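> For reference, the structure I am asking about is given below.
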Amino acid sequence: MSDSYSLSTDAWDLHRRAERDRARHNEKVREVIKKSLGDVVANEDIITADKNKIIKVPVRGLELPRIRFDPNDQKRVGQGQGGSSQGDVIARQPMPGEGEGSGKEAGQEPGVDFYEAEFTIDELAEMVFADLQLPHMEDKGAKQVPSEVMDFNTITKRGLAGNLDRKRTILQAMRRQARDGDGGKLVIQEDDKRFKSWEIVTEPQRNAVIFAMRDVSGSMGEFEAYICRSFYFWMLRFLRTKYTSCEIVFITCHTEAKEVSENAFFSLGESGGTRMSSAYALALDIINKRYNPREWNIYPFLFSDGYNWGDQECVELVRRMLKFVNLIGYGEIGSDTWHSTFGFAPLGQAYEDAFQNDKRMVCVKINDKEDVWPALQKFFSSSPHAVKAG
């Protein structure tokens with residue numbers, strides 16, 4: 001059985017324009033969300049949510065474009081009354097929610113509409129991570145890993161109607177009729193149809209290992225622990241979204257450092273004294289045993305409240321690391337004592353004094369939940385020192 005197709009000069013995708021308009025509207029919604037990513041990243045409900053949970057984000061009302069009459073004044077007509085000149089004010093738009101009286105009198109004008117845009121955590125992560133990357137990445141080692149990108153690189157005789165390759169289908173029908181000596185109206189048969197097909201492609205990714213180190217000493221209170229979990233939650237999402245082959249080493253530390261599982265890293269409580277040099281020492285030992293710097297891009301990150309025994313020990317260990325790592329990140333969480341000054345506690349001050357001219361040593365100060373997003377930007381920017389955080 002053959003199918004009849006009519007050829008015209010109209011755009012073949014005319015029937016899809018409404019869908020494209022809606023897609024553009026959705027993109028505008030995403031742009032609004034991006035402007036408030038600091039609040040989104042700081043949301044505790046997202047961090048504790050299940051992967052498949054739908055997250056609702058308040059968005060100021062955005063309507064799809066449409067033609068409508070002025071709902072406030074149906075008496076207006078399409079021409080002016082004359083007697084006006086350039087620059088004259090002909091009308092004033094009422095402010096949203098503006099009433100006729102003052103104080104607490106009831107208003108009659110409409111307010112600003114807000115609605116809740118729904119996203120999965122993965123969709124939010126895609127927006128959060130759009131401009132982030134591991135900085136100073138070098139061409140060390142490579143792994144062929146599956147990419148989530150579908151490459152439409154083959155043509156088949158069977159497929160979905162939406163993947164029909166119209167040009168190849170018409171050319172195939174023309175060739176067939178030419179071979180058969182049929183010079184009549186072009187008729188497309190089932191065997192003429194050609195469909196675009198795809199495959200999941202592989203792409204090389206350079207070897208990278210991230211050391212996630214967390215202060216779990218007794219001086220880390222509820223707020224400090226939450227900030228640690230919040231930052232590392234989004235960091236892991238970022239790495240697993242954009243760097244499929246990246247390896248992550250989890251280390252907790254009080255007076256002693258331990259390599260732990262991901263679950264233990266996020267769930268361990270706080271107790272004991274503080275000696276962060278043991279975390280760096282353990283990371284160096286693991287690097288020597290498992291991650292040859294000639295084959296791996298290495299990124300150690302440590303979060304602490306900055307109260308530490310042996311600051312100079314940390315400085316010396318960091319100085320050793322800077323000889324071969326791509327970037328070292330230090331995040332300090334503001335406590336009651338150091339919050340008001342917005343300066344670093346003793347450990348952060350020691351790093352500032354020792355490495356203020358080294359672009360591979362990046363320090364941030366987090367005083368509030370909203371500072372987590374700027375910290376992510378500063379650590380994972382192509383030019384970390386160009387982003388202000390803390």
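Note on naming: chains are A, B, ... as they come in the structure tokens, residues start from 1 per chain, ligands start from 1 in the order shown.
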Neighbours of Glu126 (chain A) within 12 Å (only C-alpha atoms; same-chain residues fewer than 3 positions away dropped), as a count of residues only?

20

> Would you work out the distance separating CA of Gln356 (chain A) from CA of Cys228 (chain A), expressed in Å to one decimal?

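According to the coordinates, CA of Gln356 (chain A) and CA of Cys228 (chain A) are separated by 23.9 Å.
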
> How far is it from CA of Ala345 (chain A) to CA of Asp305 (chain A), in Å with one decimal?

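A separation of 7.5 Å between them.
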
> Can you list every residue of region 142-238 of chain A that has an atom at most 9 Å from region 253-261 of chain A, with its nearest atom pair and the distance in Å to one decimal, using only C-alpha atoms, ordered by chain then number, as a tab-separated table?


residue	atom	partner	partner_atom	distance
A:Met213	CA	A:Cys253	CA	7.4
A:Arg214	CA	A:Cys253	CA	6.2
A:Asp215	CA	A:Cys253	CA	5.2
A:Val216	CA	A:His254	CA	5.5
A:Ser217	CA	A:His254	CA	4.5
A:Gly218	CA	A:His254	CA	8.0

> What does the file look like for those residues with N, CA and C atoms, as a tab-separated table (two decimals), in the first residue's frame?


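Result file out-v2.tsv:
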chain	number	residue	atom	x	y	z
A	213	MET	N	36.84	16.15	51.86
A	213	MET	CA	37.28	16.04	53.26
A	213	MET	C	36.41	16.93	54.13
A	214	ARG	N	35.98	16.38	55.25
A	214	ARG	CA	35.01	17.07	56.10
A	214	ARG	C	35.44	17.03	57.56
A	215	ASP	N	35.42	18.18	58.20
A	215	ASP	CA	35.69	18.31	59.62
A	215	ASP	C	34.49	17.79	60.41
A	216	VAL	N	34.69	16.74	61.23
A	216	VAL	CA	33.60	16.19	62.05
A	216	VAL	C	33.94	16.33	63.53
A	217	SER	N	34.73	17.33	63.88
A	217	SER	CA	35.11	17.55	65.29
A	217	SER	C	33.93	18.12	66.06
A	218	GLY	N	34.10	18.18	67.40
A	218	GLY	CA	33.01	18.64	68.26
A	218	GLY	C	32.65	20.10	68.09

> Can you list, as a PDB file with C-alpha atoms, in the first residue's frame, all residues belonging to region 227-296 of chain A that DSSP tags as alpha helix (DSSP H)?


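Done, and the output landed in out-v6.pdb:
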ATOM      1  CA  ILE A 227      26.630  23.613  55.215  1.00  0.00           C
ATOM      2  CA  CYS A 228      29.129  20.770  54.736  1.00  0.00           C
ATOM      3  CA  ARG A 229      26.412  18.404  53.612  1.00  0.00           C
ATOM      4  CA  SER A 230      24.801  21.028  51.387  1.00  0.00           C
ATOM      5  CA  PHE A 231      28.014  21.913  49.560  1.00  0.00           C
ATOM      6  CA  TYR A 232      29.106  18.315  49.069  1.00  0.00           C
ATOM      7  CA  PHE A 233      25.596  17.255  47.989  1.00  0.00           C
ATOM      8  CA  TRP A 234      25.690  19.733  45.101  1.00  0.00           C
ATOM      9  CA  MET A 235      29.357  19.024  44.358  1.00  0.00           C
ATOM     10  CA  LEU A 236      28.612  15.315  43.921  1.00  0.00           C
ATOM     11  CA  ARG A 237      25.632  16.112  41.701  1.00  0.00           C
ATOM     12  CA  PHE A 238      27.852  18.347  39.596  1.00  0.00           C
ATOM     13  CA  LEU A 239      30.620  15.755  39.238  1.00  0.00           C
ATOM     14  CA  ARG A 240      28.294  12.875  38.431  1.00  0.00           C
ATOM     15  CA  THR A 241      26.388  14.955  35.909  1.00  0.00           C
ATOM     16  CA  LYS A 242      29.343  16.329  33.937  1.00  0.00           C
ATOM     17  CA  GLU A 262      29.636   8.059  50.935  1.00  0.00           C
ATOM     18  CA  ASN A 263      26.801   7.200  53.308  1.00  0.00           C
ATOM     19  CA  ALA A 264      29.044   7.487  56.374  1.00  0.00           C
ATOM     20  CA  PHE A 265      30.497  10.758  55.071  1.00  0.00           C
ATOM     21  CA  PHE A 266      27.062  12.412  55.055  1.00  0.00           C
ATOM     22  CA  SER A 267      25.657  10.794  58.199  1.00  0.00           C
ATOM     23  CA  SER A 277      46.556  18.063  59.040  1.00  0.00           C
ATOM     24  CA  SER A 278      45.685  14.370  59.468  1.00  0.00           C
ATOM     25  CA  ALA A 279      43.145  14.688  56.609  1.00  0.00           C
ATOM     26  CA  TYR A 280      45.772  16.105  54.248  1.00  0.00           C
ATOM     27  CA  ALA A 281      48.291  13.469  55.358  1.00  0.00           C
ATOM     28  CA  LEU A 282      45.802  10.674  54.608  1.00  0.00           C
ATOM     29  CA  ALA A 283      44.982  12.205  51.215  1.00  0.00           C
ATOM     30  CA  LEU A 284      48.690  12.331  50.349  1.00  0.00           C
ATOM     31  CA  ASP A 285      49.091   8.686  51.341  1.00  0.00           C
ATOM     32  CA  ILE A 286      46.126   7.648  49.151  1.00  0.00           C
ATOM     33  CA  ILE A 287      47.508   9.663  46.215  1.00  0.00           C
ATOM     34  CA  ASN A 288      50.881   7.925  46.545  1.00  0.00           C
ATOM     35  CA  LYS A 289      49.250   4.493  46.574  1.00  0.00           C
ATOM     36  CA  ARG A 290      46.380   4.848  44.079  1.00  0.00           C
TER      37      ARG A 290
END

> How many Å separate CA of Trp296 (chain A) from CA of Arg275 (chain A)?

27.2 Å

> From a backbone DSSP assignment, name each residue in region 128-336 of chain A labelled strand (DSSP E or B), as number ranges by chain.

A: 143-156, 164, 188-189, 195-205, 208-215, 247-253, 257-260, 297-304, 328-333

> For Asn207 (chain A), which residue among A:Pro346, A:Pro293, A:Gly38, A:Gly331 is the nearest when counting only C-alpha atoms?

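Closest residue, counting only C-alpha atoms: A:Pro293.
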
> When distances are computed from only C-alpha atoms, which of A:Arg20, A:Lys359, A:Arg176, A:His136 shows the smallest separation from Ile298 (chain A)?

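Ranked by minimum distance to Ile298 (chain A), first place goes to A:His136.
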
> Of the candidates A:Asp368, A:Gly272, A:Asp191, A:Tyr291, which one gets nearest to Ile248 (chain A) if we count only C-alpha atoms?

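The answer is A:Tyr291, which sits nearest to Ile248 (chain A).
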
> Each residue of region 180-224 of chain A with at least one atom at most 10 Å from region 311-330 of chain A should appear once, together with its nearest atom pair and the corresponding distance in Å (one decimal); atoms considered: only C-alpha atoms; ordering: chain, then increasing residue number; output as a tab-separated table.


residue	atom	partner	partner_atom	distance
A:Ala208	CA	A:Asn326	CA	9.7
A:Ile210	CA	A:Ile328	CA	9.9
A:Phe211	CA	A:Ile328	CA	9.5
A:Ala212	CA	A:Gly329	CA	9.7
A:Met213	CA	A:Tyr330	CA	9.6

> Check the smallest atom-to-atom distance from each of A:Ala225, A:Ala23, A:Leu268, A:Ile188 to Arg168 (chain A) using only C-alpha atoms, then report the winner.

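Counting only C-alpha atoms, the residue closest to Arg168 (chain A) is A:Ile188.
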